[in-house]
Amino acid sequence: MPFTTTKSAFWAGVRDGAPFILVAGPFALLFGVLATEAGLNIFEVMGFSVVVIAGAAQFTALQLMQDEAPTIIVLLSALAVNLRVAMYSAALTPYLGRARLWQRVFVAYLLVDQSYALSHARFESDAAMSVPQRVGYYFGTCLLVMIVWFGMSYVGAAIGTALPASIPLDFALPIAFLSMVAPMMRTLPHLIAATVAVVVALLAVNVPYSLGLILAGMAGMMAGAQAELWLKTQPMIAPGDTPGDEGDGGVT
């Protein structure tokens with residue numbers, strides 16, 4: 001249904017974004033707990049969540065910090081994980097690029113997977129939306145997710161500081177990271193990229209300053225990209241055809 005006002009677009013975004021709090025809440029809670037377990041205080045945990053707002057990058061950085069990786073490796077790895085946000089920004093520019101400067105600043109700050117996915121789909125399906133309505137809808141998708149993300153990060157940090165040191169939580173971080181990565185393994189290029197990255201990471205485990213992780217990530221991305229290009233060059237086989245049947249030259 002077309003929006004009549006910016007306010008109605010905003011509340012539509014709030015409604016569409018509401019289900020994502022079921023994902024953001026538990027991850028923020030877990031991050032808060034594990035961050036305090038890794039040695040961060042509540043102020044540092046909240047600074048981390050407020051400044052970065054990126055679950056995958058935060059868990060990546062936290063894992064590397066626990067492994068005592070150099071600061072530059074932690075930063076580069078977190079940036080590499082968040083490279084997709086640059087593509088999100090480029091995809092939203094045709095729709096939000098004419099918004100006011102201060103609005104674009106907050107759009108960039110709040111750009112996460114959920115806000116991008118919901119907004120891009122809505123903007124494509126409803127070309128009649130004005131720029132103010134698009135901005136309103138975008139901010140609406142962010143409202144509940146951000147409140148829950150910040151709030152549950154604090155709750156997790158508070159719980160983490162209250163837990164006795166004898167409770168082992170080291171295993172939870174790798175499991176949490178795997179739970180984020182596993183659902184992404186949907187296509188052959190994804191599987192190839194993950195496999196290559198794992199193999200290179202194991203082979204490069206002794207590379208100084210944890211640079212093996214960067215090498216593994218680069219190798220995985222290149223392998224996945226090449227697999228994607230290779231698949232695009234393969235001829236499509238219609239149902240019922242055999243690989244040997246091409247065009248009208250087959251024997252009938």
# chains A, B, ... in the order shown; residues from 1 in each chain; ligands from 1
$ residues_around --residues "range 135-144 of chain A" --least-positions-apart "5" --cutoff "9 Å" --atoms "only C-alpha atoms" --output "short mmCIF file (atom, residue, chain, number, x, y, z; two decimals) with N, CA and C atoms, in the first residue's frame"
data_model
loop_
_atom_site.label_atom_id
_atom_site.label_comp_id
_atom_site.auth_asym_id
_atom_site.auth_seq_id
_atom_site.Cartn_x
_atom_site.Cartn_y
_atom_site.Cartn_z
N THR A 6 5.37 10.77 5.61
CA THR A 6 6.65 10.26 6.10
C THR A 6 6.45 9.47 7.40
N LYS A 7 5.51 9.93 8.22
CA LYS A 7 5.24 9.25 9.49
C LYS A 7 4.72 7.84 9.26
N SER A 8 3.82 7.67 8.31
CA SER A 8 3.29 6.33 8.03
C SER A 8 4.38 5.42 7.48
N ALA A 9 5.31 5.97 6.69
CA ALA A 9 6.43 5.18 6.19
C ALA A 9 7.34 4.76 7.34
N PHE A 10 7.56 5.67 8.30
CA PHE A 10 8.40 5.36 9.47
C PHE A 10 7.81 4.20 10.26
N TRP A 11 6.52 4.25 10.56
CA TRP A 11 5.91 3.19 11.37
C TRP A 11 5.81 1.88 10.61
N ALA A 12 5.72 1.95 9.29
CA ALA A 12 5.77 0.71 8.50
C ALA A 12 7.14 0.07 8.63
N GLY A 13 8.20 0.90 8.64
CA GLY A 13 9.54 0.38 8.85
C GLY A 13 9.70 -0.24 10.21
N VAL A 14 9.11 0.39 11.24
CA VAL A 14 9.17 -0.17 12.59
C VAL A 14 8.52 -1.56 12.62
N ARG A 15 7.35 -1.68 11.99
CA ARG A 15 6.65 -2.97 11.97
C ARG A 15 7.46 -4.02 11.22
N ASP A 16 8.04 -3.64 10.08
CA ASP A 16 8.80 -4.61 9.30
C ASP A 16 10.08 -5.04 10.02
N GLY A 17 10.66 -4.12 10.79
CA GLY A 17 11.91 -4.44 11.48
C GLY A 17 11.73 -5.20 12.78
N ALA A 18 10.50 -5.21 13.32
CA ALA A 18 10.26 -5.81 14.63
C ALA A 18 10.70 -7.27 14.73
N PHE A 20 13.15 -8.80 13.62
CA PHE A 20 14.60 -8.97 13.68
C PHE A 20 15.16 -8.80 15.09
N ILE A 21 14.33 -8.30 16.02
CA ILE A 21 14.83 -8.20 17.39
C ILE A 21 15.02 -9.59 17.99
N TYR A 95 18.51 5.60 -4.02
CA TYR A 95 17.26 5.87 -3.32
C TYR A 95 17.41 6.94 -2.23
N LEU A 96 18.57 6.99 -1.59
CA LEU A 96 18.75 7.89 -0.45
C LEU A 96 19.82 8.95 -0.69
N ALA A 99 19.01 12.65 0.05
CA ALA A 99 18.58 13.05 1.39
C ALA A 99 19.53 14.11 1.95
N GLN A 103 21.03 13.40 7.50
CA GLN A 103 20.28 12.15 7.39
C GLN A 103 21.16 11.06 6.79
N ARG A 104 21.95 11.41 5.79
CA ARG A 104 22.85 10.41 5.19
C ARG A 104 23.91 9.95 6.17
N PHE A 106 23.49 9.57 9.42
CA PHE A 106 22.86 8.58 10.30
C PHE A 106 22.48 7.31 9.53
N VAL A 107 22.14 7.46 8.26
CA VAL A 107 21.87 6.28 7.43
C VAL A 107 23.12 5.40 7.37
N LEU A 110 23.79 3.66 10.77
CA LEU A 110 22.84 2.61 11.15
C LEU A 110 22.73 1.50 10.10
N LEU A 111 23.59 1.51 9.09
CA LEU A 111 23.49 0.54 8.01
C LEU A 111 23.95 -0.84 8.46
N VAL A 112 23.01 -1.74 8.59
CA VAL A 112 23.30 -3.13 8.95
C VAL A 112 22.52 -4.03 7.99
N GLN A 114 19.91 -5.96 8.34
CA GLN A 114 18.46 -5.88 8.40
C GLN A 114 17.93 -4.61 7.76
N SER A 115 18.54 -3.47 8.11
CA SER A 115 18.05 -2.20 7.55
C SER A 115 18.24 -2.16 6.04
N TYR A 116 19.35 -2.73 5.56
CA TYR A 116 19.58 -2.75 4.12
C TYR A 116 18.56 -3.65 3.41
N LEU A 118 15.58 -4.86 4.27
CA LEU A 118 14.20 -4.39 4.29
C LEU A 118 14.03 -3.15 3.41
N SER A 119 14.94 -2.20 3.54
CA SER A 119 14.79 -0.93 2.82
C SER A 119 14.96 -1.12 1.32
N ARG A 122 11.88 -2.74 -0.14
CA ARG A 122 10.75 -1.81 -0.16
C ARG A 122 10.92 -0.75 -1.23
N SER A 130 8.65 9.02 -1.90
CA SER A 130 9.50 10.20 -1.96
C SER A 130 10.76 9.97 -1.12
N TRP A 149 19.69 -3.98 20.45
CA TRP A 149 21.12 -4.27 20.35
C TRP A 149 21.90 -3.59 21.47
#
$ residues_around --residues "Val196 in chain A" --least-positions-apart "3" --cutoff "10 Å" --atoms "only C-alpha atoms" --output "PDB file with C-alpha atoms, in the first residue's frame"
ATOM      1  CA  LEU A 191      31.309 -23.849   0.137  1.00  0.00           C
ATOM      2  CA  ILE A 192      34.431 -23.507  -2.010  1.00  0.00           C
ATOM      3  CA  ALA A 193      35.301 -20.155  -0.422  1.00  0.00           C
ATOM      4  CA  VAL A 199      42.709 -25.012   4.393  1.00  0.00           C
ATOM      5  CA  VAL A 200      44.845 -21.880   3.959  1.00  0.00           C
ATOM      6  CA  ALA A 201      44.272 -20.877   7.597  1.00  0.00           C
ATOM      7  CA  LEU A 202      45.519 -24.283   8.760  1.00  0.00           C
ATOM      8  CA  ALA A 216      43.021 -17.239   4.383  1.00  0.00           C
ATOM      9  CA  GLY A 217      40.247 -14.689   3.984  1.00  0.00           C
ATOM     10  CA  MET A 218      41.721 -13.326   0.764  1.00  0.00           C
ATOM     11  CA  ALA A 219      42.242 -16.821  -0.647  1.00  0.00           C
ATOM     12  CA  GLY A 220      38.680 -17.798   0.224  1.00  0.00           C
ATOM     13  CA  MET A 221      37.202 -14.702  -1.408  1.00  0.00           C
ATOM     14  CA  MET A 222      39.235 -15.223  -4.585  1.00  0.00           C
ATOM     15  CA  ALA A 223      38.287 -18.902  -4.769  1.00  0.00           C
ATOM     16  CA  GLY A 224      34.607 -18.121  -4.255  1.00  0.00           C
TER      17      GLY A 224
END
$ residues_around --residues "Val33 in chain A" --least-positions-apart "5" --cutoff "6 Å" --atoms "only C-alpha atoms" --output "PyMOL selection string"
chain A and resi 156-157+160
$ write_last_selection --atoms "N, CA and C atoms" --output "compact mmCIF listing (two decimals), in the first residue's frame"
# COMPACT_ATOMS: atom_id res chain seq x y z
N GLY A 156 24.06 -8.14 28.77
CA GLY A 156 25.06 -9.19 28.67
C GLY A 156 26.34 -8.83 29.41
N ALA A 157 26.76 -7.58 29.28
CA ALA A 157 27.97 -7.15 29.98
C ALA A 157 27.77 -7.19 31.49
N GLY A 160 27.86 -10.75 32.51
CA GLY A 160 29.22 -11.27 32.40
C GLY A 160 30.10 -10.89 33.58
$ closest_residue --among "A:Thr60, A:Gln226, A:Asn41, A:Ser49" --to "Ala162 in chain A" --atoms "only C-alpha atoms"
A:Asn41
$ residues_around --residues "Tyr154 in chain A" --least-positions-apart "2" --cutoff "12 Å" --atoms "only C-alpha atoms" --output "PDB file with N, CA and C atoms, in the first residue's frame"
ATOM      1  N   GLY A  25      18.652  -9.519  19.653  1.00  0.00           N
ATOM      2  CA  GLY A  25      18.691  -9.606  21.107  1.00  0.00           C
ATOM      3  C   GLY A  25      19.632 -10.676  21.644  1.00  0.00           C
ATOM      4  N   PHE A  27      22.074 -12.298  20.196  1.00  0.00           N
ATOM      5  CA  PHE A  27      23.469 -12.090  19.803  1.00  0.00           C
ATOM      6  C   PHE A  27      24.107 -10.954  20.589  1.00  0.00           C
ATOM      7  N   ALA A  28      23.352  -9.890  20.835  1.00  0.00           N
ATOM      8  CA  ALA A  28      23.874  -8.783  21.636  1.00  0.00           C
ATOM      9  C   ALA A  28      24.134  -9.243  23.067  1.00  0.00           C
ATOM     10  N   LEU A  29      23.218 -10.035  23.602  1.00  0.00           N
ATOM     11  CA  LEU A  29      23.392 -10.566  24.960  1.00  0.00           C
ATOM     12  C   LEU A  29      24.646 -11.426  25.044  1.00  0.00           C
ATOM     13  N   LEU A  30      24.816 -12.315  24.058  1.00  0.00           N
ATOM     14  CA  LEU A  30      25.985 -13.190  24.048  1.00  0.00           C
ATOM     15  C   LEU A  30      27.267 -12.388  23.882  1.00  0.00           C
ATOM     16  N   PHE A  31      27.220 -11.375  23.029  1.00  0.00           N
ATOM     17  CA  PHE A  31      28.418 -10.541  22.852  1.00  0.00           C
ATOM     18  C   PHE A  31      28.806  -9.862  24.158  1.00  0.00           C
ATOM     19  N   GLY A  32      27.823  -9.307  24.862  1.00  0.00           N
ATOM     20  CA  GLY A  32      28.122  -8.640  26.124  1.00  0.00           C
ATOM     21  C   GLY A  32      28.762  -9.571  27.133  1.00  0.00           C
ATOM     22  N   VAL A  33      28.224 -10.784  27.233  1.00  0.00           N
ATOM     23  CA  VAL A  33      28.769 -11.761  28.182  1.00  0.00           C
ATOM     24  C   VAL A  33      30.194 -12.146  27.803  1.00  0.00           C
ATOM     25  N   LEU A  34      30.399 -12.476  26.528  1.00  0.00           N
ATOM     26  CA  LEU A  34      31.717 -12.948  26.094  1.00  0.00           C
ATOM     27  C   LEU A  34      32.755 -11.824  26.110  1.00  0.00           C
ATOM     28  N   ALA A  35      32.328 -10.606  25.828  1.00  0.00           N
ATOM     29  CA  ALA A  35      33.265  -9.484  25.844  1.00  0.00           C
ATOM     30  C   ALA A  35      33.801  -9.244  27.249  1.00  0.00           C
ATOM     31  N   THR A  36      32.937  -9.322  28.255  1.00  0.00           N
ATOM     32  CA  THR A  36      33.420  -9.163  29.630  1.00  0.00           C
ATOM     33  C   THR A  36      34.280 -10.347  30.038  1.00  0.00           C
ATOM     34  N   ASN A  41      35.555  -4.132  30.210  1.00  0.00           N
ATOM     35  CA  ASN A  41      34.591  -3.684  31.211  1.00  0.00           C
ATOM     36  C   ASN A  41      33.311  -3.222  30.514  1.00  0.00           C
ATOM     37  N   ILE A  42      32.313  -2.851  31.318  1.00  0.00           N
ATOM     38  CA  ILE A  42      31.013  -2.497  30.736  1.00  0.00           C
ATOM     39  C   ILE A  42      31.125  -1.291  29.805  1.00  0.00           C
ATOM     40  N   PHE A  43      31.912  -0.307  30.183  1.00  0.00           N
ATOM     41  CA  PHE A  43      32.086   0.882  29.336  1.00  0.00           C
ATOM     42  C   PHE A  43      32.688   0.498  27.985  1.00  0.00           C
ATOM     43  N   GLU A  44      33.684  -0.373  27.997  1.00  0.00           N
ATOM     44  CA  GLU A  44      34.322  -0.794  26.743  1.00  0.00           C
ATOM     45  C   GLU A  44      33.375  -1.636  25.889  1.00  0.00           C
ATOM     46  N   VAL A  45      32.589  -2.486  26.536  1.00  0.00           N
ATOM     47  CA  VAL A  45      31.614  -3.293  25.792  1.00  0.00           C
ATOM     48  C   VAL A  45      30.598  -2.390  25.098  1.00  0.00           C
ATOM     49  N   MET A  46      30.073  -1.415  25.828  1.00  0.00           N
ATOM     50  CA  MET A  46      29.077  -0.528  25.245  1.00  0.00           C
ATOM     51  C   MET A  46      29.694   0.353  24.160  1.00  0.00           C
ATOM     52  N   GLY A  47      30.932   0.804  24.375  1.00  0.00           N
ATOM     53  CA  GLY A  47      31.610   1.563  23.329  1.00  0.00           C
ATOM     54  C   GLY A  47      31.773   0.745  22.068  1.00  0.00           C
ATOM     55  N   PHE A  48      32.110  -0.529  22.251  1.00  0.00           N
ATOM     56  CA  PHE A  48      32.270  -1.450  21.126  1.00  0.00           C
ATOM     57  C   PHE A  48      30.960  -1.563  20.346  1.00  0.00           C
ATOM     58  N   SER A  49      29.848  -1.818  21.061  1.00  0.00           N
ATOM     59  CA  SER A  49      28.564  -2.016  20.398  1.00  0.00           C
ATOM     60  C   SER A  49      28.021  -0.739  19.778  1.00  0.00           C
ATOM     61  N   VAL A  50      28.216   0.401  20.448  1.00  0.00           N
ATOM     62  CA  VAL A  50      27.668   1.660  19.937  1.00  0.00           C
ATOM     63  C   VAL A  50      28.458   2.164  18.735  1.00  0.00           C
ATOM     64  N   ILE A 147      17.633  -0.344  19.573  1.00  0.00           N
ATOM     65  CA  ILE A 147      17.310  -0.302  21.002  1.00  0.00           C
ATOM     66  C   ILE A 147      17.643  -1.645  21.649  1.00  0.00           C
ATOM     67  N   VAL A 148      17.243  -2.719  20.998  1.00  0.00           N
ATOM     68  CA  VAL A 148      17.503  -4.055  21.544  1.00  0.00           C
ATOM     69  C   VAL A 148      18.991  -4.364  21.521  1.00  0.00           C
ATOM     70  N   TRP A 149      19.686  -3.975  20.448  1.00  0.00           N
ATOM     71  CA  TRP A 149      21.122  -4.266  20.350  1.00  0.00           C
ATOM     72  C   TRP A 149      21.905  -3.593  21.474  1.00  0.00           C
ATOM     73  N   PHE A 150      21.646  -2.315  21.689  1.00  0.00           N
ATOM     74  CA  PHE A 150      22.359  -1.591  22.744  1.00  0.00           C
ATOM     75  C   PHE A 150      21.943  -2.084  24.129  1.00  0.00           C
ATOM     76  N   GLY A 151      20.644  -2.272  24.308  1.00  0.00           N
ATOM     77  CA  GLY A 151      20.149  -2.687  25.616  1.00  0.00           C
ATOM     78  C   GLY A 151      20.633  -4.067  26.020  1.00  0.00           C
ATOM     79  N   MET A 152      20.566  -5.020  25.103  1.00  0.00           N
ATOM     80  CA  MET A 152      20.981  -6.380  25.427  1.00  0.00           C
ATOM     81  C   MET A 152      22.501  -6.503  25.524  1.00  0.00           C
ATOM     82  N   GLY A 156      24.058  -8.135  28.772  1.00  0.00           N
ATOM     83  CA  GLY A 156      25.063  -9.191  28.667  1.00  0.00           C
ATOM     84  C   GLY A 156      26.340  -8.834  29.406  1.00  0.00           C
ATOM     85  N   ALA A 157      26.764  -7.576  29.280  1.00  0.00           N
ATOM     86  CA  ALA A 157      27.973  -7.148  29.983  1.00  0.00           C
ATOM     87  C   ALA A 157      27.773  -7.191  31.491  1.00  0.00           C
ATOM     88  N   ALA A 158      26.575  -6.790  31.941  1.00  0.00           N
ATOM     89  CA  ALA A 158      26.284  -6.821  33.378  1.00  0.00           C
ATOM     90  C   ALA A 158      26.267  -8.261  33.893  1.00  0.00           C
ATOM     91  N   ILE A 159      25.687  -9.161  33.110  1.00  0.00           N
ATOM     92  CA  ILE A 159      25.670 -10.567  33.509  1.00  0.00           C
ATOM     93  C   ILE A 159      27.079 -11.130  33.528  1.00  0.00           C
ATOM     94  N   GLY A 160      27.859 -10.749  32.507  1.00  0.00           N
ATOM     95  CA  GLY A 160      29.221 -11.271  32.405  1.00  0.00           C
ATOM     96  C   GLY A 160      30.096 -10.888  33.579  1.00  0.00           C
ATOM     97  N   THR A 161      29.930  -9.670  34.067  1.00  0.00           N
ATOM     98  CA  THR A 161      30.745  -9.230  35.203  1.00  0.00           C
ATOM     99  C   THR A 161      30.334  -9.931  36.488  1.00  0.00           C
TER     100      THR A 161
END
$ atom_distance --atom1 "CA of Ala86 in chain A" --atom2 "CA of Ala117 in chain A"
13.8 Å
$ atom_distance --atom1 "CA of Ala38 in chain A" --atom2 "CA of Val52 in chain A"
17.5 Å
$ select_by_dssp --residues "range 9-225 of chain A" --states "alpha helix (DSSP H)" --output "number ranges by chain"
A: 9-17, 21-37, 42-52, 55-66, 71-81, 84-96, 101-109, 113-125, 131-162, 172-181, 188-203, 211-225
$ atom_distance --atom1 "CA of Ala121 in chain A" --atom2 "CA of Arg100 in chain A"
21.8 Å
